[in-house]
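Peer 1: You'll find run27.txt just under this line, and it carries compact mmCIF, C-alpha atoms and all ligand atoms.
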```txt
# COMPACT_ATOMS: atom_id res chain seq x y z
CA MET D 1 -33.95 -18.47 -5.54
CA THR D 2 -30.20 -18.87 -5.22
CA ARG D 3 -28.04 -15.80 -5.48
CA THR D 4 -25.19 -15.62 -8.00
CA PHE D 5 -22.23 -13.64 -6.76
CA PRO D 6 -19.91 -11.55 -8.99
CA PHE D 7 -17.58 -13.65 -11.12
CA ARG D 8 -14.50 -11.87 -9.75
CA GLN D 9 -14.54 -8.84 -7.52
CA ALA D 10 -12.45 -6.73 -5.22
CA THR D 11 -14.82 -4.86 -2.96
CA ILE D 12 -13.20 -1.71 -1.60
CA ASP D 13 -14.75 -0.29 1.55
CA LEU D 14 -14.04 3.44 1.36
CA GLY D 15 -15.69 3.94 4.74
CA ALA D 16 -13.06 1.65 6.24
CA ILE D 17 -10.31 3.75 4.65
CA ALA D 18 -11.73 6.99 6.03
CA GLU D 19 -12.15 5.36 9.46
CA ASN D 20 -8.61 3.98 9.42
CA VAL D 21 -7.22 7.43 8.66
CA ARG D 22 -9.36 8.94 11.41
CA HIS D 23 -8.09 6.31 13.84
CA LEU D 24 -4.44 6.82 12.88
CA ARG D 25 -4.80 10.57 13.15
CA SER D 26 -6.15 10.35 16.65
CA LEU D 27 -3.64 7.67 17.66
CA THR D 28 -0.64 9.64 16.42
CA GLY D 29 -1.91 13.18 17.05
CA VAL D 30 -0.12 14.43 13.93
CA GLN D 31 -0.91 15.00 10.26
CA VAL D 32 -1.48 11.92 8.12
CA ILE D 33 -0.07 11.82 4.60
CA GLY D 34 -2.09 9.10 2.85
CA VAL D 35 0.13 7.02 0.57
CA VAL D 36 -1.70 5.88 -2.58
CA LYS D 37 1.17 4.79 -4.84
CA ALA D 38 0.75 1.68 -7.00
CA ASN D 39 -2.93 2.37 -7.60
CA GLY D 40 -3.57 2.82 -3.90
CA TYR D 41 -1.90 -0.52 -3.07
CA GLY D 42 -4.29 -2.10 -5.57
CA HIS D 43 -7.40 -0.49 -4.07
CA GLY D 44 -7.81 2.31 -6.65
CA ALA D 45 -5.76 5.47 -6.10
CA ALA D 46 -8.31 8.22 -6.70
CA ALA D 47 -11.05 6.58 -4.64
CA VAL D 48 -8.63 5.90 -1.80
CA ALA D 49 -7.24 9.44 -1.89
CA THR D 50 -10.77 10.88 -1.70
CA ALA D 51 -11.65 8.62 1.23
CA ALA D 52 -8.36 9.33 3.02
CA LEU D 53 -8.93 13.08 2.69
CA ALA D 54 -12.48 12.64 3.98
CA GLY D 55 -10.99 10.81 6.97
CA GLY D 56 -8.69 13.75 7.73
CA ALA D 57 -5.51 13.14 5.72
CA SER D 58 -3.84 16.48 5.10
CA ARG D 59 -1.84 15.42 2.06
CA ILE D 60 -1.53 12.54 -0.37
CA GLY D 61 1.74 10.88 -1.30
CA THR D 62 2.61 8.97 -4.47
CA ALA D 63 5.84 7.49 -5.71
CA THR D 64 5.77 8.97 -9.21
CA LEU D 65 4.60 12.29 -10.58
CA GLU D 66 2.46 10.43 -13.11
CA GLU D 67 0.51 8.94 -10.21
CA SER D 68 -0.01 12.44 -8.80
CA PHE D 69 -1.09 13.80 -12.20
CA ALA D 70 -3.70 11.04 -12.39
CA LEU D 71 -5.07 12.23 -9.03
CA ARG D 72 -5.24 15.81 -10.28
CA ARG D 73 -7.09 14.60 -13.39
CA ALA D 74 -9.51 12.78 -11.09
CA GLY D 75 -10.27 16.10 -9.42
CA ILE D 76 -8.17 15.83 -6.26
CA THR D 77 -7.15 19.36 -5.27
CA ALA D 78 -5.44 18.56 -1.93
CA PRO D 79 -1.65 18.88 -1.52
CA LEU D 80 0.19 16.05 -3.29
CA VAL D 81 3.79 14.97 -2.98
CA ALA D 82 5.69 12.57 -5.29
CA TRP D 83 9.19 11.32 -4.57
CA LEU D 84 10.54 8.91 -7.19
CA HIS D 85 11.63 10.48 -10.48
CA GLU D 86 13.24 9.30 -13.67
CA PRO D 87 16.78 10.59 -14.25
CA GLY D 88 16.88 13.95 -16.01
CA ARG D 89 13.22 14.70 -15.42
CA ARG D 90 12.17 18.34 -15.51
CA PHE D 91 9.52 19.52 -13.09
CA ASP D 92 7.72 22.34 -14.92
CA ASP D 93 4.57 20.22 -15.29
CA ALA D 94 4.66 19.23 -11.61
CA VAL D 95 4.95 22.84 -10.48
CA GLU D 96 2.17 23.88 -12.81
CA ALA D 97 -0.08 21.14 -11.34
CA GLU D 98 0.97 22.26 -7.83
CA ILE D 99 2.49 18.91 -7.00
CA GLU D 100 5.18 18.98 -4.34
CA ILE D 101 8.44 17.37 -5.39
CA GLY D 102 10.42 14.95 -3.25
CA VAL D 103 14.05 15.84 -3.96
CA SER D 104 16.67 13.12 -3.54
CA SER D 105 19.73 14.63 -5.20
CA PHE D 106 21.55 17.81 -6.16
CA ALA D 107 20.45 17.28 -9.78
CA GLN D 108 16.79 17.05 -8.74
CA LEU D 109 17.13 20.17 -6.60
CA ASN D 110 18.47 22.09 -9.60
CA ALA D 111 15.75 20.74 -11.86
CA ALA D 112 13.11 21.82 -9.33
CA SER D 113 14.63 25.31 -9.14
CA GLU D 114 14.49 25.59 -12.95
CA ALA D 115 10.75 24.90 -13.20
CA GLY D 116 8.76 27.86 -14.56
CA SER D 117 7.68 29.16 -11.17
CA GLN D 118 8.49 28.48 -7.52
CA ALA D 119 8.69 24.75 -6.79
CA SER D 120 7.48 23.33 -3.48
CA VAL D 121 9.90 20.62 -2.40
CA HIS D 122 10.39 18.05 0.32
CA LEU D 123 14.07 17.20 0.77
CA LYS D 124 14.33 13.42 1.03
CA VAL D 125 17.39 12.47 3.07
CA ASP D 126 18.92 9.05 3.45
CA THR D 127 19.18 8.15 7.13
CA GLY D 128 20.16 4.54 6.62
CA LEU D 129 17.79 2.81 4.20
CA SER D 130 20.28 3.18 1.36
CA ARG D 131 17.61 3.54 -1.31
CA ASN D 132 16.92 6.98 -2.70
CA GLY D 133 17.23 10.05 -0.53
CA ILE D 134 20.08 12.56 -0.55
CA PRO D 135 23.21 10.59 0.34
CA THR D 136 25.44 11.84 3.16
CA GLU D 137 28.23 12.91 0.80
CA GLN D 138 25.86 15.29 -1.07
CA LEU D 139 24.06 16.54 1.99
CA GLU D 140 26.04 19.70 2.80
CA GLN D 141 26.06 20.81 -0.83
CA VAL D 142 22.33 20.19 -1.24
CA LEU D 143 21.39 21.90 2.03
CA ALA D 144 23.50 24.97 1.21
CA GLU D 145 22.04 25.24 -2.28
CA ALA D 146 18.49 24.57 -1.08
CA ALA D 147 18.80 27.35 1.48
CA ARG D 148 20.11 29.72 -1.21
CA LEU D 149 17.34 28.78 -3.64
CA GLU D 150 14.72 29.33 -0.97
CA ARG D 151 16.18 32.74 -0.09
CA ILE D 152 15.90 33.88 -3.70
CA GLY D 153 12.38 32.47 -4.00
CA ARG D 154 13.10 29.70 -6.51
CA ILE D 155 11.88 26.97 -4.18
CA ARG D 156 9.84 26.61 -1.02
CA ILE D 157 11.04 23.90 1.35
CA VAL D 158 7.81 22.36 2.60
CA GLY D 159 9.31 19.28 4.18
CA ILE D 160 12.33 17.25 5.09
CA PHE D 161 11.69 13.54 5.18
CA SER D 162 13.24 10.10 5.31
CA HIS D 163 12.05 6.49 5.46
CA LEU D 164 12.66 3.83 8.13
CA SER D 165 13.96 0.32 7.49
CA GLY D 166 11.89 -1.37 10.19
CA ALA D 167 14.86 -3.71 10.70
CA SER D 168 14.53 -3.38 14.49
CA PRO D 169 13.42 -0.73 17.01
CA ASP D 170 17.08 0.09 17.62
CA ASP D 171 17.79 0.49 13.91
CA ASP D 172 14.76 2.77 13.55
CA ARG D 173 15.88 4.84 16.56
CA ALA D 174 19.33 5.17 15.01
CA GLN D 175 17.69 6.48 11.82
CA LEU D 176 15.61 8.91 13.88
CA ALA D 177 18.79 10.16 15.60
CA ARG D 178 20.48 10.63 12.23
CA TYR D 179 17.37 12.42 10.95
CA GLN D 180 17.49 14.83 13.92
CA GLU D 181 21.17 15.55 13.17
CA ILE D 182 20.28 16.36 9.57
CA LEU D 183 17.45 18.65 10.71
CA ALA D 184 19.91 20.50 12.94
CA GLN D 185 22.36 20.77 10.05
CA ALA D 186 19.57 22.11 7.81
CA GLY D 187 18.70 24.59 10.55
CA SER D 188 22.27 25.87 10.56
CA PHE D 189 21.75 26.80 6.89
CA GLY D 190 18.54 28.62 7.81
CA ILE D 191 16.21 25.88 6.61
CA SER D 192 13.15 25.36 8.72
CA PRO D 193 10.64 23.06 6.99
CA GLU D 194 6.93 23.25 7.65
CA ILE D 195 6.62 19.50 8.12
CA ARG D 196 9.12 16.92 9.25
CA HIS D 197 8.06 13.39 8.35
CA LEU D 198 9.80 10.09 8.88
CA ALA D 199 7.48 7.29 9.97
CA ALA D 200 5.32 5.09 7.74
CA THR D 201 2.68 2.76 9.21
CA ALA D 202 4.92 0.66 11.45
CA GLY D 203 6.85 3.62 12.86
CA ALA D 204 3.69 5.71 13.24
CA ILE D 205 2.18 3.02 15.44
CA SER D 206 5.14 1.64 17.34
CA LEU D 207 7.68 4.47 17.55
CA PRO D 208 5.86 7.52 18.97
CA GLU D 209 9.02 9.65 18.99
CA ALA D 210 9.20 9.26 15.18
CA ARG D 211 5.80 10.86 14.58
CA LEU D 212 7.20 14.40 14.35
CA ASP D 213 4.80 16.66 12.35
CA ALA D 214 3.33 14.03 10.00
CA VAL D 215 3.32 10.31 9.30
CA ARG D 216 3.21 8.89 5.76
CA VAL D 217 0.83 6.01 6.04
CA GLY D 218 0.16 3.46 3.33
CA LEU D 219 -0.60 -0.03 4.65
CA GLY D 220 -2.46 1.23 7.72
CA ILE D 221 -5.01 3.24 5.75
CA TYR D 222 -5.90 0.04 3.90
CA GLY D 223 -6.55 -1.53 7.29
CA LEU D 224 -3.65 -3.99 7.24
CA SER D 225 -1.06 -4.63 9.90
CA PRO D 226 2.67 -4.37 9.19
CA PHE D 227 3.43 -6.48 12.27
CA ALA D 228 3.69 -10.28 12.36
CA ASP D 229 2.37 -10.42 15.91
CA ARG D 230 -0.51 -7.92 15.70
CA THR D 231 -3.63 -8.20 13.56
CA SER D 232 -5.60 -5.37 11.97
CA ALA D 233 -8.16 -5.65 14.76
CA ASP D 234 -5.40 -5.46 17.39
CA LEU D 235 -4.44 -2.12 15.84
CA GLY D 236 -8.03 -0.84 15.62
CA LEU D 237 -7.93 -1.04 11.81
CA ARG D 238 -10.42 -2.55 9.36
CA PRO D 239 -9.21 -4.18 6.12
CA ALA D 240 -10.65 -2.25 3.17
CA MET D 241 -10.33 -4.89 0.45
CA LYS D 242 -12.34 -8.07 0.10
CA LEU D 243 -11.35 -10.36 -2.79
CA SER D 244 -14.08 -12.72 -3.87
CA ALA D 245 -15.37 -14.73 -6.81
CA ALA D 246 -18.29 -16.95 -7.74
CA VAL D 247 -17.86 -20.70 -8.05
CA ALA D 248 -17.57 -21.17 -11.83
CA ASN D 249 -18.02 -24.94 -11.99
CA VAL D 250 -18.70 -27.88 -9.69
CA ARG D 251 -17.99 -31.53 -10.40
CA ARG D 252 -18.17 -34.77 -8.49
CA VAL D 253 -15.02 -36.90 -8.88
CA ALA D 254 -13.81 -40.31 -7.73
CA ALA D 255 -11.14 -41.05 -5.13
CA GLY D 256 -7.70 -40.90 -6.74
CA THR D 257 -8.56 -38.09 -9.19
CA GLY D 258 -5.62 -35.76 -9.83
CA VAL D 259 -6.30 -32.02 -9.65
CA SER D 260 -4.76 -29.18 -11.70
CA TYR D 261 -1.22 -29.08 -13.14
CA ASP D 262 1.25 -31.73 -12.08
CA TYR D 263 -1.48 -33.46 -10.07
CA ALA D 264 0.07 -31.81 -7.02
CA TYR D 265 -3.21 -32.73 -5.29
CA ARG D 266 -5.03 -36.06 -5.52
CA CYS D 267 -8.45 -36.64 -4.00
CA ASP D 268 -8.25 -39.22 -1.22
CA ARG D 269 -12.00 -39.99 -1.45
CA ASP D 270 -14.98 -39.42 -3.71
CA THR D 271 -15.51 -35.71 -3.44
CA THR D 272 -16.77 -32.46 -4.97
CA LEU D 273 -14.41 -30.00 -6.67
CA ALA D 274 -15.33 -26.32 -6.96
CA LEU D 275 -13.65 -24.16 -9.60
CA VAL D 276 -12.67 -20.60 -8.59
CA PRO D 277 -12.09 -18.20 -11.51
CA LEU D 278 -9.08 -16.33 -10.12
CA GLY D 279 -5.45 -17.15 -10.84
CA TYR D 280 -1.99 -15.74 -10.76
CA ALA D 281 -2.86 -13.38 -13.65
CA ASP D 282 -5.25 -11.79 -11.16
CA GLY D 283 -2.60 -11.58 -8.47
CA VAL D 284 -3.44 -14.80 -6.60
CA PRO D 285 0.09 -16.02 -5.87
CA ARG D 286 1.02 -19.38 -7.39
CA GLN D 287 3.31 -19.88 -4.39
CA ALA D 288 0.16 -20.36 -2.31
CA SER D 289 -0.78 -23.49 -4.31
CA GLY D 290 -2.09 -26.12 -1.91
CA LEU D 291 -2.05 -23.62 0.96
CA GLY D 292 -4.18 -20.55 0.26
CA PRO D 293 -7.31 -20.30 2.47
CA VAL D 294 -10.79 -19.55 1.12
CA LEU D 295 -14.28 -19.35 2.53
CA ILE D 296 -17.12 -20.92 0.51
CA ASN D 297 -20.64 -20.49 1.82
CA GLY D 298 -19.12 -19.44 5.09
CA ARG D 299 -16.95 -22.57 5.47
CA PRO D 300 -13.15 -22.58 5.40
CA HIS D 301 -11.30 -24.56 2.71
CA THR D 302 -7.86 -24.65 1.17
CA VAL D 303 -6.70 -24.41 -2.44
CA ALA D 304 -6.29 -27.94 -3.88
CA GLY D 305 -3.19 -28.27 -6.04
CA ARG D 306 -1.62 -25.69 -8.32
CA ILE D 307 -3.03 -22.20 -8.75
CA ALA D 308 -3.14 -21.63 -12.53
CA MET D 309 -3.15 -18.39 -14.51
CA ASP D 310 -6.92 -17.90 -14.41
CA GLN D 311 -8.33 -20.40 -11.93
CA PHE D 312 -7.83 -22.79 -9.09
CA VAL D 313 -9.73 -25.69 -7.57
CA VAL D 314 -11.06 -26.29 -4.07
CA ASP D 315 -11.97 -29.74 -2.71
CA VAL D 316 -15.18 -29.11 -0.78
CA GLY D 317 -15.84 -32.73 0.20
CA ASP D 318 -19.54 -33.50 0.45
CA GLU D 319 -20.65 -29.93 1.02
CA PRO D 320 -23.55 -28.74 -1.14
CA VAL D 321 -21.61 -26.12 -3.10
CA GLU D 322 -23.24 -24.80 -6.30
CA VAL D 323 -22.18 -22.77 -9.30
CA GLY D 324 -22.53 -19.09 -8.40
CA ASP D 325 -21.82 -19.52 -4.68
CA GLU D 326 -19.51 -16.96 -3.15
CA VAL D 327 -15.82 -17.70 -2.56
CA VAL D 328 -13.99 -15.22 -0.34
CA LEU D 329 -10.20 -15.32 -0.61
CA PHE D 330 -9.54 -12.57 1.88
CA GLY D 331 -11.27 -9.70 3.58
CA ASP D 332 -12.04 -8.82 7.17
CA PRO D 333 -11.16 -11.62 9.64
CA THR D 334 -13.64 -10.23 12.15
CA LEU D 335 -16.31 -11.32 9.63
CA GLY D 336 -14.76 -14.79 9.42
CA HIS D 337 -12.84 -14.12 6.19
CA PRO D 338 -9.24 -15.22 5.74
CA SER D 339 -6.93 -12.19 5.80
CA ALA D 340 -4.53 -10.82 3.17
CA THR D 341 -1.88 -11.70 5.73
CA ASP D 342 -3.01 -15.37 5.70
CA TRP D 343 -2.43 -15.37 1.94
CA ALA D 344 0.92 -13.66 2.41
CA ASP D 345 1.94 -16.34 4.91
CA ALA D 346 0.79 -19.07 2.50
CA ALA D 347 2.82 -17.50 -0.32
CA GLY D 348 5.91 -16.58 1.71
CA THR D 349 5.46 -12.86 1.14
CA ILE D 350 3.95 -9.78 2.82
CA ASN D 351 0.37 -8.52 2.83
CA TYR D 352 1.49 -5.39 0.93
CA GLU D 353 2.22 -7.59 -2.08
CA ILE D 354 -1.03 -9.55 -1.87
CA VAL D 355 -3.30 -6.50 -2.20
CA THR D 356 -1.04 -4.49 -4.50
CA ARG D 357 -0.78 -7.23 -7.13
CA ILE D 358 -4.53 -7.80 -7.57
CA GLY D 359 -4.77 -7.45 -11.34
CA ASP D 360 -6.78 -5.25 -13.68
CA ARG D 361 -9.02 -8.15 -14.68
CA VAL D 362 -10.62 -8.01 -11.23
CA PRO D 363 -13.31 -5.29 -11.19
CA ARG D 364 -13.13 -3.01 -8.17
CA ARG D 365 -16.47 -2.19 -6.61
CA THR D 366 -16.35 0.60 -4.09
CA VAL D 367 -18.74 0.68 -1.16
CA SER D 368 -18.94 3.02 1.77
C1 LIG K 401 8.77 6.86 1.11
C2 LIG K 401 7.61 6.07 1.59
N1 LIG K 401 6.85 6.57 2.57
C3 LIG K 401 5.78 5.89 3.06
C4 LIG K 401 5.45 4.65 2.57
C5 LIG K 401 4.27 3.93 3.17
O1 LIG K 401 4.69 2.80 3.85
P1 LIG K 401 3.64 1.88 4.65
O2 LIG K 401 2.78 1.26 3.60
O3 LIG K 401 4.47 0.89 5.36
O4 LIG K 401 2.88 2.77 5.54
C6 LIG K 401 6.23 4.09 1.57
C7 LIG K 401 5.91 2.74 1.07
O5 LIG K 401 6.72 1.90 0.84
C8 LIG K 401 7.34 4.81 1.06
O6 LIG K 401 8.11 4.32 0.07
```
Go through the file and emit its structure as C-alpha cells.

Peer 2:
Amino acid sequence: MTRTFPFRQATIDLGAIAENVRHLRSLTGVQVIGVVKANGYGHGAAAVATAALAGGASRIGTATLEESFALRRAGITAPLVAWLHEPGRRFDDAVEAEIEIGVSSFAQLNAASEAGSQASVHLKVDTGLSRNGIPTEQLEQVLAEAARLERIGRIRIVGIFSHLSGASPDDDRAQLARYQEILAQAGSFGISPEIRHLAATAGAISLPEARLDAVRVGLGIYGLSPFADRTSADLGLRPAMKLSAAVANVRRVAAGTGVSYDYAYRCDRDTTLALVPLGYADGVPRQASGLGPVLINGRPHTVAGRIAMDQFVVDVGDEPVEVGDEVVLFGDPTLGHPSATDWADAAGTINYEIVTRIGDRVPRRTVS
C-alpha cells in the first residue's frame, strides 16, 4: 500500500533544538539566552522555549512583551526578557508577570521605575547598530538615573546588553570595545549588572571575546548557520524544521506545454508535472520561482515556473511520481534534504526569513 504524506507540514524537531542549545552552551562556556521572537522564528515559540530550556538555556528572549506574555500563558516560568516596546508603554503588567524589561531610552527607564513593584531591567545600549538601544547622547543621563533608581530599590539592573552588526570582524570588535567602555562608565555610577550580553549566533560562534556572561542565540538554536561559508553541520548544529507537502496532483503533458503564470517555464519534452500545495501564502518565496530545490521520493528537482499563492509545479520527467508522495522543500541536508539556506540563496534572501515566514496555514508537528 502506498503511503500518503501530510498535505502541508512543518515538522519541528524539539530534540534538535535542545541539542543545539546544549552544543552552543558547551562551545561558548557561558549562559545561553534562547531567542524565540516571531513565533520562535516560525518554529512555534512555546515549544521552542521549552526545548531550549531543557537543553540548558538559562533565559528566554523575545522582542515584544506580548510574545513573553504568551510564553507565560503557555506555562513557561523561566526568566524572560523582552526588548522592543511601543512608545508610551507602561510596564506594570510586565513586572507583575516577572518579565524582565529591555530598556532603550530614558522614557522607558522611567516607565519601568513607575511599575507597581520593582522592575528587573536590562539596559540596552547602542554600540553602533543604530537601531534601538540607548543612544550615546542619552547614555550618561540614563546611567545616572538607573543607578539612582537601583539604589532606592525601584529597579534591579539584571543586564547590560547590545547587538552586533556582523558587518565585519573588525566592526564587531569595535562594537565590543565600545560596549566595554560603556560597562566601565556604568561601573563608575556604581552599576554592576549580573549578566553582560552582546553576541547573537554569529558572534557567539566566531568572536569568543564577545561571549561575556551570556549569548543571545536565535538562529543557532534552530540549527541554522548565519555564515555563507559554513553549513549547519560544519557548526555541529542540526536544522530543526523540515518543510514538506504531499504531491496534490500529477499529470502527463506534451512537449511545449506552458507551466504556471506567464508560462515562465515550458516543457521541452513530453513529461510529468507534479503539483505541490505550498505557495507564497505559506511563506514559499515567489522570488525562488524556477530555482527553488525540492526532493520528491528522494530525488532532487527544481520548481518549474512561477510559485503561486497556494501551489507550485515540479517537472519530474519520466519518474513514477504519484499523488500523495512526499515533497521535501527543506530540512536537514545530512539526510539529503535541500536546506533553508538553499531556498534563501534561490530567493536572494537569508535563511532567517525562509523559516520565519512559514505561514499559519502550514500545521506544525513537533517531534522529539
Ligand atoms: C537583540 C537581539 N538579540 C539576539 C538576536 C538573535 O540573533 P540570531 O538569530 O542571529 O542569533 C536578535 C535577532 O535578530 C536580536 O534582535

Peer 1: Quick one: contact table of chain D to ligand LIG 401 (chain K), 8 Å max, nearest atom pair and distance in Å to one decimal per residue, counting only C-alpha atoms and all ligand atoms, chain and number order, as JSON lines?

Peer 2:
```
{"residue": "D:Val35", "atom": "CA", "partner": "K:LIG401", "partner_atom": "C5", "distance": 5.8}
{"residue": "D:Lys37", "atom": "CA", "partner": "K:LIG401", "partner_atom": "C7", "distance": 7.8}
{"residue": "D:Gly61", "atom": "CA", "partner": "K:LIG401", "partner_atom": "N1", "distance": 7.7}
{"residue": "D:Ala63", "atom": "CA", "partner": "K:LIG401", "partner_atom": "O6", "distance": 7.0}
{"residue": "D:Trp83", "atom": "CA", "partner": "K:LIG401", "partner_atom": "C1", "distance": 7.2}
{"residue": "D:Ser162", "atom": "CA", "partner": "K:LIG401", "partner_atom": "C1", "distance": 6.9}
{"residue": "D:His163", "atom": "CA", "partner": "K:LIG401", "partner_atom": "C1", "distance": 5.5}
{"residue": "D:Leu198", "atom": "CA", "partner": "K:LIG401", "partner_atom": "N1", "distance": 7.8}
{"residue": "D:Ala199", "atom": "CA", "partner": "K:LIG401", "partner_atom": "C3", "distance": 7.3}
{"residue": "D:Ala200", "atom": "CA", "partner": "K:LIG401", "partner_atom": "O4", "distance": 4.0}
{"residue": "D:Thr201", "atom": "CA", "partner": "K:LIG401", "partner_atom": "O4", "distance": 3.7}
{"residue": "D:Ala202", "atom": "CA", "partner": "K:LIG401", "partner_atom": "O3", "distance": 6.1}
{"residue": "D:Arg216", "atom": "CA", "partner": "K:LIG401", "partner_atom": "C3", "distance": 4.8}
{"residue": "D:Val217", "atom": "CA", "partner": "K:LIG401", "partner_atom": "O4", "distance": 3.9}
{"residue": "D:Gly218", "atom": "CA", "partner": "K:LIG401", "partner_atom": "O2", "distance": 3.4}
{"residue": "D:Leu219", "atom": "CA", "partner": "K:LIG401", "partner_atom": "O2", "distance": 3.8}
{"residue": "D:Gly220", "atom": "CA", "partner": "K:LIG401", "partner_atom": "O4", "distance": 6.0}
{"residue": "D:Ile221", "atom": "CA", "partner": "K:LIG401", "partner_atom": "O4", "distance": 7.9}
{"residue": "D:Pro226", "atom": "CA", "partner": "K:LIG401", "partner_atom": "O3", "distance": 6.8}
{"residue": "D:Tyr352", "atom": "CA", "partner": "K:LIG401", "partner_atom": "O2", "distance": 7.3}
```

Peer 1: Just the number, please: distance in Å from atom CA of Arg196 of chain D to atom CA of Glu67 of chain D, one decimal.

Peer 2: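 The value is 22.7 Å.
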
Peer 1: Go through D:Arg178, D:His337, D:Arg173, D:Arg252 and flag the residue nearest Phe161 of chain D, using all atoms listed in the file for the distances.

Peer 2: D:Arg178

Peer 1: Might you pull out every residue within 8 Å of Asn249 of chain D, with all atoms listed in the file counted and same-chain residues fewer than 2 positions away left off, and present them as a PyMOL selection string?

Peer 2: chain D and resi 247+251+274-276+322-323

Peer 1: Report the distance between atom CA of Pro293 of chain D and atom CA of Phe312 of chain D in Å, rounded to one decimal place.

Peer 2: 11.8 Å

Peer 1: Between D:Ala204, D:Ile101, D:Ala82, D:Cys267, single out the one closest to Ser26 of chain D, counting all atoms listed in the file.

Peer 2: D:Ala204

Peer 1: Find the residues near Ile182 of chain D: any atom within 10 Å, counting all atoms listed in the file, skip ones fewer than 2 places away on the same chain, and give them as a list in words.

Peer 2: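 The residues satisfying every condition are Val125, Asp126, Thr127, Thr136, Leu139, Glu140, Leu143, Ile160, Leu176, Ala177, Arg178, Tyr179, Gln180, Ala184, Gln185, Ala186, Gly187 and Ser188 of chain D.
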
Peer 1: To one decimal place in Å, what is the distance between atom CA of Ala346 of chain D and atom CA of Ala308 of chain D?

Peer 2: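 About the pair atom CA of Ala346 of chain D and atom CA of Ala308 of chain D: they are 15.7 Å apart.
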
Peer 1: Pull the neighbourhood of (-2.0, -13.0, 12.6) for me: all residues within 8 Å in file coordinates, counting all atoms listed in the file, as a PyMOL selection string.

Peer 2: chain D and resi 228-231+341-342

Peer 1: Within 9 Å of Arg286 of chain D, counting only C-alpha atoms, which residues show up once you throw out same-chain ones fewer than 3 positions away? Write them as a list in words, please.

Peer 2: Gly279, Tyr280, Gly283, Ser289, Arg306, Ile307, Ala308, Met309 and Ala347 of chain D

Peer 1: Extract, using only C-alpha atoms, all DNA, RNA and protein residues at most 12 Å from Glu86 of chain D, discarding same-chain residues fewer than 2 positions from it, and format them as a PyMOL selection string.

Peer 2: chain D and resi 63-66+82-84+88-91+103-105+107-108+111+132

Peer 1: Given all atoms listed in the file as the basis, pick out the residue of D:Arg59, D:Arg8, D:Arg364, D:Arg73 nearest to Ala240 of chain D.

Peer 2: D:Arg364

Peer 1: With distances taken over all atoms listed in the file, which of D:Pro285, D:Ile152, D:Asp92, D:Ala46 is nearest to Thr77 of chain D?

Peer 2: D:Ala46

Peer 1: Please determine an axis-aligned box that encloses all atoms of segment 195-207 of chain D listed in the file, with 6 Å added on each side, and express its centre and edge lengths in Å to one decimal as lines of an AutoDock Vina configuration file.

Peer 2:
```
center_x = 6.0
center_y = 10.1
center_z = 12.6
size_x = 19.6
size_y = 30.8
size_z = 21.8
```

Peer 1: Kindly indicate which residue among D:Leu291, D:Ala245, D:Val355, D:Val95 lies nearest to Ser68 of chain D, using only C-alpha atoms for the distances.

Peer 2: D:Val95

Peer 1: Give the answer as one residue: which of D:Pro79, D:Pro6, D:Gly29, D:Gly166 has the shortest atom-to-atom distance to Leu212 of chain D, using all atoms listed in the file?

Peer 2: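 The closest residue to Leu212 of chain D is D:Gly29.
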
Peer 1: Within 9 Å of Ala38 of chain D, counting all atoms listed in the file, which residues show up once you throw out same-chain ones fewer than 5 positions away? Write them as a PyMOL selection string, please.

Peer 2: chain D and resi 43-45+62-63+67+356
